[in-house]
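Chemist: This one is query19.tsv, TSV, C-alpha atoms.
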```tsv
chain	number	residue	atom	x	y	z
A	1	MET	CA	-18.35	142.54	34.83
A	2	LYS	CA	-15.25	141.11	33.16
A	3	LYS	CA	-15.72	137.58	31.88
A	4	LEU	CA	-13.21	134.99	33.08
A	5	ILE	CA	-12.43	131.46	31.90
A	6	GLU	CA	-10.07	128.94	33.47
A	7	PHE	CA	-7.77	126.99	31.15
A	8	ILE	CA	-5.79	123.92	32.27
A	9	PRO	CA	-3.76	122.46	29.37
A	10	ASN	CA	-1.77	119.25	29.99
A	11	PHE	CA	1.52	118.72	28.16
A	12	SER	CA	3.49	115.52	27.59
A	13	VAL	CA	6.71	116.84	29.09
A	14	SER	CA	8.22	117.40	32.54
A	15	ARG	CA	11.02	119.47	34.05
A	16	GLU	CA	12.89	116.27	34.79
A	17	HIS	CA	12.90	115.28	31.11
A	18	ASP	CA	13.07	118.69	29.42
A	19	ASN	CA	13.19	121.73	31.68
A	20	GLU	CA	13.85	124.10	28.76
A	21	THR	CA	10.56	123.17	27.09
A	22	CYS	CA	8.71	123.69	30.36
A	23	GLU	CA	10.26	127.15	30.71
A	24	GLU	CA	9.25	128.01	27.14
A	25	LEU	CA	5.64	126.99	27.83
A	26	ILE	CA	5.59	129.13	30.97
A	27	LYS	CA	6.91	132.13	29.00
A	28	VAL	CA	4.12	131.74	26.45
A	29	ALA	CA	1.47	131.52	29.18
A	30	GLU	CA	2.82	134.66	30.86
A	31	SER	CA	3.01	136.62	27.62
A	32	VAL	CA	-0.65	136.64	26.56
A	33	LYS	CA	-2.63	139.82	27.18
A	34	ASP	CA	-5.60	139.62	29.57
A	35	CYS	CA	-4.44	136.28	31.01
A	36	MET	CA	-2.77	135.31	34.28
A	37	LEU	CA	-0.67	132.21	34.95
A	38	LEU	CA	-1.81	130.80	38.29
A	39	ASP	CA	0.12	127.56	38.59
A	40	PHE	CA	2.58	125.19	36.89
A	41	GLN	CA	2.92	121.57	38.00
A	42	SER	CA	5.37	119.04	36.59
A	43	ASP	CA	5.85	115.35	37.40
A	44	GLY	CA	8.78	113.26	36.21
A	45	ASN	CA	7.12	109.88	36.78
A	46	HIS	CA	4.14	110.91	34.69
A	47	ASN	CA	6.41	112.93	32.33
A	48	ARG	CA	3.63	115.46	32.24
A	49	SER	CA	3.11	119.14	33.05
A	50	VAL	CA	-0.05	121.06	33.82
A	51	ILE	CA	-0.58	124.81	33.45
A	52	THR	CA	-3.44	126.57	35.20
A	53	MET	CA	-4.37	130.04	34.00
A	54	ILE	CA	-7.35	132.37	33.88
A	55	GLY	CA	-8.26	135.14	31.48
A	56	THR	CA	-10.84	136.75	29.27
A	57	PRO	CA	-12.37	134.50	26.59
A	58	GLU	CA	-10.33	136.30	23.92
A	59	GLY	CA	-7.10	136.03	25.88
A	60	ILE	CA	-7.57	132.36	26.72
A	61	GLU	CA	-8.41	131.56	23.09
A	62	GLU	CA	-5.11	133.07	21.96
A	63	ALA	CA	-3.15	131.44	24.79
A	64	ALA	CA	-4.55	128.00	23.89
A	65	PHE	CA	-3.37	128.28	20.30
A	66	LEU	CA	0.07	129.68	21.18
A	67	LEU	CA	0.72	127.03	23.85
A	68	CYS	CA	-0.28	124.22	21.49
A	69	LYS	CA	2.00	125.70	18.82
A	70	LYS	CA	4.96	125.90	21.21
A	71	ALA	CA	4.38	122.33	22.44
A	72	ALA	CA	4.29	121.07	18.85
A	73	GLU	CA	7.60	122.80	18.15
A	74	ARG	CA	9.31	121.38	21.23
A	75	ILE	CA	7.82	117.93	21.98
A	76	ASP	CA	8.31	114.78	19.93
A	77	LEU	CA	5.99	112.02	21.13
A	78	ARG	CA	8.00	109.41	19.25
A	79	LYS	CA	10.60	109.86	22.00
A	80	HIS	CA	8.25	110.31	24.93
A	81	THR	CA	7.86	107.85	27.82
A	82	GLY	CA	5.97	108.22	31.09
A	83	GLU	CA	3.39	106.57	33.32
A	84	HIS	CA	0.47	108.81	32.38
A	85	PRO	CA	-1.55	107.83	29.27
A	86	ARG	CA	-1.14	110.38	26.47
A	87	MET	CA	-1.93	110.90	22.81
A	88	GLY	CA	-0.69	114.43	22.13
A	89	ALA	CA	2.17	116.82	22.85
A	90	THR	CA	-0.63	119.05	24.10
A	91	ASP	CA	-2.63	116.13	25.39
A	92	VAL	CA	-5.78	117.78	26.65
A	93	MET	CA	-7.12	121.35	26.66
A	94	PRO	CA	-10.09	121.92	28.99
A	95	PHE	CA	-11.92	125.25	29.29
A	96	VAL	CA	-13.84	125.90	32.51
A	97	PRO	CA	-16.43	128.68	32.98
A	98	LEU	CA	-15.74	131.12	35.80
A	99	LYS	CA	-16.98	134.68	36.30
A	100	GLY	CA	-19.62	135.88	33.85
A	101	THR	CA	-19.38	132.84	31.57
A	102	ASP	CA	-21.23	129.57	31.18
A	103	ILE	CA	-20.48	126.12	29.82
A	104	GLY	CA	-22.03	126.95	26.45
A	105	GLU	CA	-19.59	129.79	25.90
A	106	CYS	CA	-16.71	127.46	26.71
A	107	VAL	CA	-18.04	124.87	24.25
A	108	GLU	CA	-18.01	127.41	21.43
A	109	LEU	CA	-14.52	128.54	22.45
A	110	SER	CA	-13.25	124.95	22.35
A	111	LYS	CA	-14.55	124.52	18.81
A	112	ARG	CA	-12.87	127.71	17.59
A	113	VAL	CA	-9.57	126.65	19.12
A	114	ALA	CA	-9.79	123.13	17.65
A	115	LYS	CA	-10.54	124.55	14.20
A	116	ARG	CA	-7.59	126.95	14.29
A	117	ILE	CA	-5.17	124.31	15.59
A	118	TRP	CA	-6.06	122.08	12.66
A	119	GLU	CA	-5.98	124.80	10.03
A	120	GLU	CA	-2.70	126.38	11.15
A	121	LEU	CA	-0.82	123.52	12.85
A	122	GLN	CA	-2.34	120.42	11.19
A	123	ILE	CA	-2.91	118.82	14.59
A	124	PRO	CA	-6.25	116.92	14.67
A	125	SER	CA	-8.48	116.85	17.72
A	126	PHE	CA	-11.35	115.15	19.46
A	127	LEU	CA	-13.99	117.25	21.21
A	128	TYR	CA	-14.70	115.82	24.68
A	129	GLU	CA	-16.81	116.40	27.81
A	130	GLU	CA	-19.51	119.05	27.21
A	131	SER	CA	-18.10	119.78	23.72
A	132	CYS	CA	-18.45	116.17	22.55
A	133	THR	CA	-20.18	115.40	19.26
A	134	ARG	CA	-20.69	111.71	20.15
A	135	GLU	CA	-21.52	110.42	23.60
A	136	GLU	CA	-18.59	107.98	23.66
A	137	ARG	CA	-16.24	110.96	23.34
A	138	ARG	CA	-17.50	112.62	26.51
A	139	ASN	CA	-15.06	110.52	28.55
A	140	LEU	CA	-11.45	111.56	27.98
A	141	ALA	CA	-10.22	108.02	28.67
A	142	ASN	CA	-12.22	106.74	25.68
A	143	CYS	CA	-10.67	109.37	23.42
A	144	ARG	CA	-7.15	108.62	24.65
A	145	LYS	CA	-7.47	104.83	24.46
A	146	GLY	CA	-4.76	103.45	22.18
A	147	GLN	CA	-2.50	106.37	23.02
A	148	PHE	CA	-0.14	107.98	20.51
A	149	GLU	CA	1.32	104.70	19.27
A	150	GLY	CA	-2.04	103.12	18.43
A	151	MET	CA	-3.98	106.21	17.42
A	152	ASN	CA	-3.49	106.06	13.63
A	153	GLU	CA	-5.07	102.62	13.57
A	154	LYS	CA	-7.92	103.78	15.82
A	155	LEU	CA	-8.65	106.77	13.56
A	156	GLN	CA	-9.49	104.40	10.69
A	157	LEU	CA	-12.49	103.07	12.60
A	158	PRO	CA	-15.74	104.63	11.30
A	159	GLU	CA	-16.71	106.02	14.71
A	160	TRP	CA	-13.30	107.59	15.48
A	161	ALA	CA	-12.75	110.20	12.80
A	162	PRO	CA	-11.33	113.36	14.45
A	163	ASP	CA	-13.80	116.18	15.01
A	164	PHE	CA	-11.28	118.46	13.35
A	165	GLY	CA	-8.63	117.16	10.97
A	166	GLU	CA	-7.81	114.10	8.94
A	167	ARG	CA	-7.68	110.45	10.01
A	168	LYS	CA	-3.98	110.69	10.78
A	169	VAL	CA	-2.15	112.08	13.81
A	170	HIS	CA	0.50	114.77	13.57
A	171	GLU	CA	3.83	112.98	13.16
A	172	THR	CA	5.36	114.33	16.38
A	173	ALA	CA	2.54	116.17	18.20
A	174	GLY	CA	-0.16	113.48	17.91
A	175	ILE	CA	-3.78	114.42	18.50
A	176	THR	CA	-5.37	116.61	21.17
A	177	ALA	CA	-8.57	116.40	23.22
A	178	ILE	CA	-10.27	119.79	23.46
A	179	GLY	CA	-13.42	120.55	25.39
A	180	ALA	CA	-15.43	122.40	28.01
A	181	ARG	CA	-16.05	121.01	31.47
A	182	MET	CA	-16.83	121.96	35.03
A	183	PRO	CA	-13.97	122.17	37.59
A	184	LEU	CA	-11.94	118.95	37.96
A	185	ILE	CA	-9.63	118.09	40.84
A	186	ALA	CA	-6.47	116.06	40.25
A	187	PHE	CA	-6.22	114.12	43.51
A	188	ASN	CA	-3.58	111.46	44.25
A	189	VAL	CA	-3.05	109.11	47.18
A	190	ASN	CA	0.36	107.51	47.83
A	191	LEU	CA	0.71	104.09	49.46
A	192	ASP	CA	3.63	102.67	51.46
A	193	THR	CA	4.28	99.76	49.10
A	194	ASP	CA	5.94	99.20	45.74
A	195	ASP	CA	3.35	96.55	44.76
A	196	LEU	CA	1.71	98.06	41.68
A	197	GLN	CA	-1.04	95.42	41.61
A	198	ILE	CA	-2.39	96.73	44.91
A	199	ALA	CA	-2.71	100.26	43.53
A	200	LYS	CA	-4.33	98.94	40.36
A	201	LYS	CA	-6.86	96.84	42.29
A	202	ILE	CA	-7.79	99.79	44.50
A	203	ALA	CA	-8.11	102.09	41.47
A	204	ALA	CA	-10.42	99.59	39.77
A	205	ALA	CA	-12.58	99.38	42.89
A	206	ILE	CA	-13.11	103.14	43.27
A	207	ARG	CA	-13.42	104.41	39.68
A	208	GLY	CA	-16.85	104.94	38.23
A	209	SER	CA	-16.24	103.03	34.99
A	210	SER	CA	-15.76	99.78	36.89
A	211	GLY	CA	-18.52	100.22	39.46
A	212	GLY	CA	-17.02	102.60	41.99
A	213	PHE	CA	-17.73	106.27	42.55
A	214	LYS	CA	-19.50	107.72	39.52
A	215	TYR	CA	-17.46	110.92	39.31
A	216	CYS	CA	-14.07	109.39	40.05
A	217	LYS	CA	-11.51	108.35	37.43
A	218	ALA	CA	-8.56	106.38	38.82
A	219	LEU	CA	-5.35	104.61	37.83
A	220	GLY	CA	-2.72	102.77	39.80
A	221	ILE	CA	0.81	103.89	38.89
A	222	PRO	CA	4.34	103.39	40.25
A	223	LEU	CA	6.44	106.25	41.63
A	224	GLU	CA	9.72	104.58	40.82
A	225	ASP	CA	11.97	107.28	42.27
A	226	ARG	CA	10.29	106.83	45.68
A	227	HIS	CA	9.76	103.04	45.44
A	228	ILE	CA	6.05	103.42	46.21
A	229	VAL	CA	2.79	103.31	44.26
A	230	GLN	CA	0.03	105.84	43.79
A	231	VAL	CA	-3.71	105.84	43.20
A	232	SER	CA	-3.99	108.74	40.75
A	233	MET	CA	-7.47	110.25	40.39
A	234	ASN	CA	-9.43	112.86	38.52
A	235	MET	CA	-12.49	113.95	40.47
A	236	VAL	CA	-14.87	115.34	37.87
A	237	ASN	CA	-17.66	116.48	40.20
A	238	TYR	CA	-16.43	117.19	43.73
A	239	GLU	CA	-19.92	118.09	44.95
A	240	LYS	CA	-21.52	114.78	43.98
A	241	THR	CA	-18.41	112.75	44.87
A	242	PRO	CA	-16.45	114.69	47.53
A	243	LEU	CA	-12.75	113.96	47.99
A	244	TYR	CA	-13.22	112.19	51.31
A	245	TYR	CA	-15.30	109.44	49.65
A	246	PRO	CA	-12.45	107.88	47.64
A	247	PHE	CA	-9.87	108.78	50.30
A	248	GLU	CA	-11.67	106.82	52.99
A	249	MET	CA	-12.28	103.91	50.64
A	250	ILE	CA	-8.61	103.85	49.61
A	251	LYS	CA	-7.57	103.75	53.28
A	252	THR	CA	-9.94	100.85	53.98
A	253	LEU	CA	-8.92	98.85	50.92
A	254	ALA	CA	-5.22	99.50	51.50
A	255	GLU	CA	-5.52	98.22	55.06
A	256	SER	CA	-7.06	95.00	53.74
A	257	TYR	CA	-3.77	94.46	51.84
A	258	GLY	CA	-1.68	95.33	54.90
A	259	VAL	CA	-0.75	98.71	53.41
A	260	LYS	CA	-1.07	102.26	54.75
A	261	VAL	CA	-1.71	105.62	53.11
A	262	ILE	CA	1.40	107.81	53.28
A	263	GLU	CA	-0.13	111.04	52.03
A	264	SER	CA	-2.45	112.62	49.51
A	265	GLU	CA	-1.76	115.45	47.10
A	266	ILE	CA	-3.70	117.97	45.04
A	267	ILE	CA	-2.19	118.73	41.62
A	268	GLY	CA	-2.75	122.29	40.49
A	269	LEU	CA	-5.61	124.38	41.84
A	270	THR	CA	-8.81	123.30	43.53
A	271	PRO	CA	-12.07	125.03	44.42
A	272	ALA	CA	-12.02	126.11	48.05
A	273	LYS	CA	-15.35	124.44	48.71
A	274	ALA	CA	-13.88	121.00	47.94
A	275	MET	CA	-11.38	121.41	50.78
A	276	LEU	CA	-13.88	123.01	53.13
A	277	ASP	CA	-16.25	120.08	52.58
A	278	CYS	CA	-13.43	117.76	53.69
A	279	ALA	CA	-12.76	119.90	56.76
A	280	ALA	CA	-16.43	119.81	57.73
A	281	PHE	CA	-16.54	116.03	57.28
A	282	TYR	CA	-13.45	115.25	59.36
A	283	LEU	CA	-14.37	117.79	62.05
A	284	LYS	CA	-17.92	116.40	62.12
A	285	ALA	CA	-19.15	119.99	61.82
A	286	HIS	CA	-22.94	119.80	62.21
A	287	ASP	CA	-24.94	121.71	59.55
A	288	PHE	CA	-21.84	123.66	58.49
A	289	ASP	CA	-22.48	125.95	55.50
A	290	CYS	CA	-19.21	127.20	54.04
A	291	MET	CA	-20.87	129.93	51.97
A	292	GLU	CA	-22.48	131.39	55.09
A	293	GLN	CA	-19.91	130.59	57.79
A	294	VAL	CA	-16.54	131.12	56.11
A	295	MET	CA	-15.45	134.69	56.70
A	296	GLU	CA	-13.70	135.17	53.35
A	297	TYR	CA	-16.79	134.12	51.41
A	298	ARG	CA	-18.95	136.61	53.33
A	299	LEU	CA	-16.43	139.39	52.71
A	300	LEU	CA	-16.35	138.65	48.99
A	301	GLU	CA	-20.13	138.68	48.96
A	302	GLY	CA	-20.05	142.22	50.26
A	303	GLU	CA	-17.72	143.31	47.45
A	304	GLU	CA	-20.08	142.24	44.67
```
Show how you would write the structure in this file as structure tokens.
Modeler:
Amino acid sequence: MKKLIEFIPNFSVSREHDNETCEELIKVAESVKDCMLLDFQSDGNHNRSVITMIGTPEGIEEAAFLLCKKAAERIDLRKHTGEHPRMGATDVMPFVPLKGTDIGECVELSKRVAKRIWEELQIPSFLYEESCTREERRNLANCRKGQFEGMNEKLQLPEWAPDFGERKVHETAGITAIGARMPLIAFNVNLDTDDLQIAKKIAAAIRGSSGGFKYCKALGIPLEDRHIVQVSMNMVNYEKTPLYYPFEMIKTLAESYGVKVIESEIIGLTPAKAMLDCAAFYLKAHDFDCMEQVMEYRLLEGEE
């Protein structure tokens, strides 16, 4: 059975700000043997792009290095602006186990990639999530705190030496978070108001770090081109905190401010089960088992 790993690097660039760089990153992703580019998402408000690809461990390892190299050549964080927090040109590089692999294999892969990126590109890195060497680095938000502009000062603190590299960020490419994790869903909800404080208050109420849903990370951000605000979320365990939990809470809290939900959006790819769980919830499907009752899953089972 061929081993497969998912790789979802995030870059501090968007088509709106630099379409040529985005095209160059896509070309690199498409060029690596034994890998397949599944999706490319770019957002001008965030000034951020996300690639989703799968491949063999060897292919993904090479793709990770080549993409980081291309981003370092093309992106200068000294000139970068955008709503999404960031600390690196290649801001975060997560590896997710799929077919025939486990989280331990992805942890070892993340360490090899981090080591090579430092040795050949002189870009330092933090190891995060399951790859973390200190518990406070498990959470990506802790690693990114201070962002590019404040990172050199942060790196002088005893507890914040990079896992790979010196206590100084790359002049233009910053520092990168590299790690292994289980599937994450980037899930956003847009509100029919331009009042950013409402989005921020709702985000604070639902995110785990401030007492909300344990596996939900959330920020309130403006979508200036649309004159609305967004509750932007990362759902780090969709089975323990399904998508309909924060969605329903956002609707309720928004209504308390006299605001309505316009729409939600999924950025990049998502496990099918996360969406099927939502369908079962809203349809009130009694004792529904997607693995047993969804035709495509049963057909795939027969192909094993």
Chemist: At a cut-off of 9 Å, using only C-alpha atoms, what residues contact Thr81 of chain A? Leave out same-chain residues fewer than 4 positions from it and give the result as a list in words.
Modeler: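 The neighbour list is Ser12, His46, Asn47 and Leu77 of chain A.
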Chemist: Okay, now the selection with C-alpha atoms, as a short mmCIF file (atom, residue, chain, number, x, y, z; two decimals), in the frame of the given file?
Modeler:
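The result, stored in result-v9.cif:
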```cif
data_model
loop_
_atom_site.label_atom_id
_atom_site.label_comp_id
_atom_site.auth_asym_id
_atom_site.auth_seq_id
_atom_site.Cartn_x
_atom_site.Cartn_y
_atom_site.Cartn_z
CA SER A 12 3.49 115.52 27.59
CA HIS A 46 4.14 110.91 34.69
CA ASN A 47 6.41 112.93 32.33
CA LEU A 77 5.99 112.02 21.13
#
```
Chemist: Identify, on the basis of all atoms listed in the file, every residue whose closest approach to segment 296-300 of chain A does not exceed 12 Å; exclude the query and any residue fewer than 5 positions from it along the same chain; express the result as number ranges by chain.
Modeler: A: 272-273, 276, 289-291
Chemist: Find the residues with any atom within 12 Å of (2.4, 116.6, 37.3); use all atoms listed in the file and the coordinates as given in the file, and write the answer as a CSV table (one decimal) with C-alpha atoms, in the coordinates of the input.
Modeler:
```
chain,number,residue,atom,x,y,z
A,9,PRO,CA,-3.8,122.5,29.4
A,10,ASN,CA,-1.8,119.2,30.0
A,11,PHE,CA,1.5,118.7,28.2
A,12,SER,CA,3.5,115.5,27.6
A,13,VAL,CA,6.7,116.8,29.1
A,14,SER,CA,8.2,117.4,32.5
A,15,ARG,CA,11.0,119.5,34.0
A,16,GLU,CA,12.9,116.3,34.8
A,22,CYS,CA,8.7,123.7,30.4
A,39,ASP,CA,0.1,127.6,38.6
A,40,PHE,CA,2.6,125.2,36.9
A,41,GLN,CA,2.9,121.6,38.0
A,42,SER,CA,5.4,119.0,36.6
A,43,ASP,CA,5.8,115.4,37.4
A,44,GLY,CA,8.8,113.3,36.2
A,45,ASN,CA,7.1,109.9,36.8
A,46,HIS,CA,4.1,110.9,34.7
A,47,ASN,CA,6.4,112.9,32.3
A,48,ARG,CA,3.6,115.5,32.2
A,49,SER,CA,3.1,119.1,33.0
A,50,VAL,CA,0.0,121.1,33.8
A,51,ILE,CA,-0.6,124.8,33.4
A,52,THR,CA,-3.4,126.6,35.2
A,82,GLY,CA,6.0,108.2,31.1
A,83,GLU,CA,3.4,106.6,33.3
A,84,HIS,CA,0.5,108.8,32.4
A,186,ALA,CA,-6.5,116.1,40.2
A,187,PHE,CA,-6.2,114.1,43.5
A,188,ASN,CA,-3.6,111.5,44.2
A,223,LEU,CA,6.4,106.2,41.6
A,232,SER,CA,-4.0,108.7,40.8
A,265,GLU,CA,-1.8,115.4,47.1
A,266,ILE,CA,-3.7,118.0,45.0
A,267,ILE,CA,-2.2,118.7,41.6
A,268,GLY,CA,-2.8,122.3,40.5
```
Chemist: Leaving out segment 90-100 of chain A and any residue of its chain fewer than 6 positions from it, which residues lie within 8 Å of it when counting all atoms listed in the file, given as a VMD selection string?
Modeler: chain A and resid 1 to 12 64 68 71 to 72 106 to 107 110 173 175 to 183
Chemist: How many Å lie between atom CA of Met53 of chain A and atom CA of Leu38 of chain A, rounded to one decimal?
Modeler: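 Interatomic distance here is 5.1 Å.
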Chemist: Using all atoms listed in the file, can you tell me which of A:Lys70, A:Phe148, A:Cys278, A:Ile60 comes closest to Glu23 of chain A?
Modeler: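 Using all atoms listed in the file, Glu23 of chain A sits closest to A:Lys70.
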Chemist: To one decimal place, how far is atom CA of Ala114 of chain A from atom CA of Lys214 of chain A in Å?
Modeler: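 Those two atoms sit 28.5 Å apart.
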Chemist: Please list as a ChimeraX atom specification every residue within 12 Å of segment 153-166 of chain A, counting only C-alpha atoms and excluding residues in the same chain fewer than 3 positions away.
Modeler: /A:87,110-128,131-137,142-150,169-170,174-179
Chemist: Measure the distance from atom CA of Ser210 of chain A to atom CA of Leu269 of chain A in Å and round it to one decimal.
Modeler: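 So the answer is 27.1 Å.
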Chemist: Nearest residue to Glu263 of chain A out of A:Asn190, A:Thr172, A:Ser31, A:Asn237, using only C-alpha atoms?
Modeler: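 Checking each of A:Asn190, A:Thr172, A:Ser31, A:Asn237 against Glu263 of chain A, counting only C-alpha atoms, the winner is A:Asn190.
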Chemist: Which one of A:Arg167, A:Arg86, A:Lys33, A:Arg207 sits closest to Met249 of chain A if you count all atoms listed in the file?
Modeler: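 The answer is A:Arg207, which sits nearest to Met249 of chain A.
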Chemist: To test the calculation: enclose all listed atoms of segment 103-115 of chain A in a box whose edges run along x, y and z, add 4 Å on each side, then state centre and edge lengths in Å to one decimal, as JSON.
Modeler:
```
{"center_x": -15.8, "center_y": 126.5, "center_z": 22.0, "size_x": 20.5, "size_y": 14.7, "size_z": 23.6}
```
Chemist: Using only C-alpha atoms, which residue out of A:Glu129, A:Glu62, A:Asp76, A:Asp225 lies closest to Asp18 of chain A?
Modeler: A:Asp76
Chemist: Which one is closest to Gln197 of chain A: A:Ala89, A:Glu108, A:Leu140, A:Gln230? Count all atoms listed in the file.
Modeler: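 Ranked by minimum distance to Gln197 of chain A, first place goes to A:Gln230.
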Chemist: Kindly indicate which residue among A:Glu292, A:Glu130, A:Ile202, A:Gly220 lies nearest to Leu253 of chain A, using all atoms listed in the file for the distances.
Modeler: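 Ranked by minimum distance to Leu253 of chain A, first place goes to A:Ile202.
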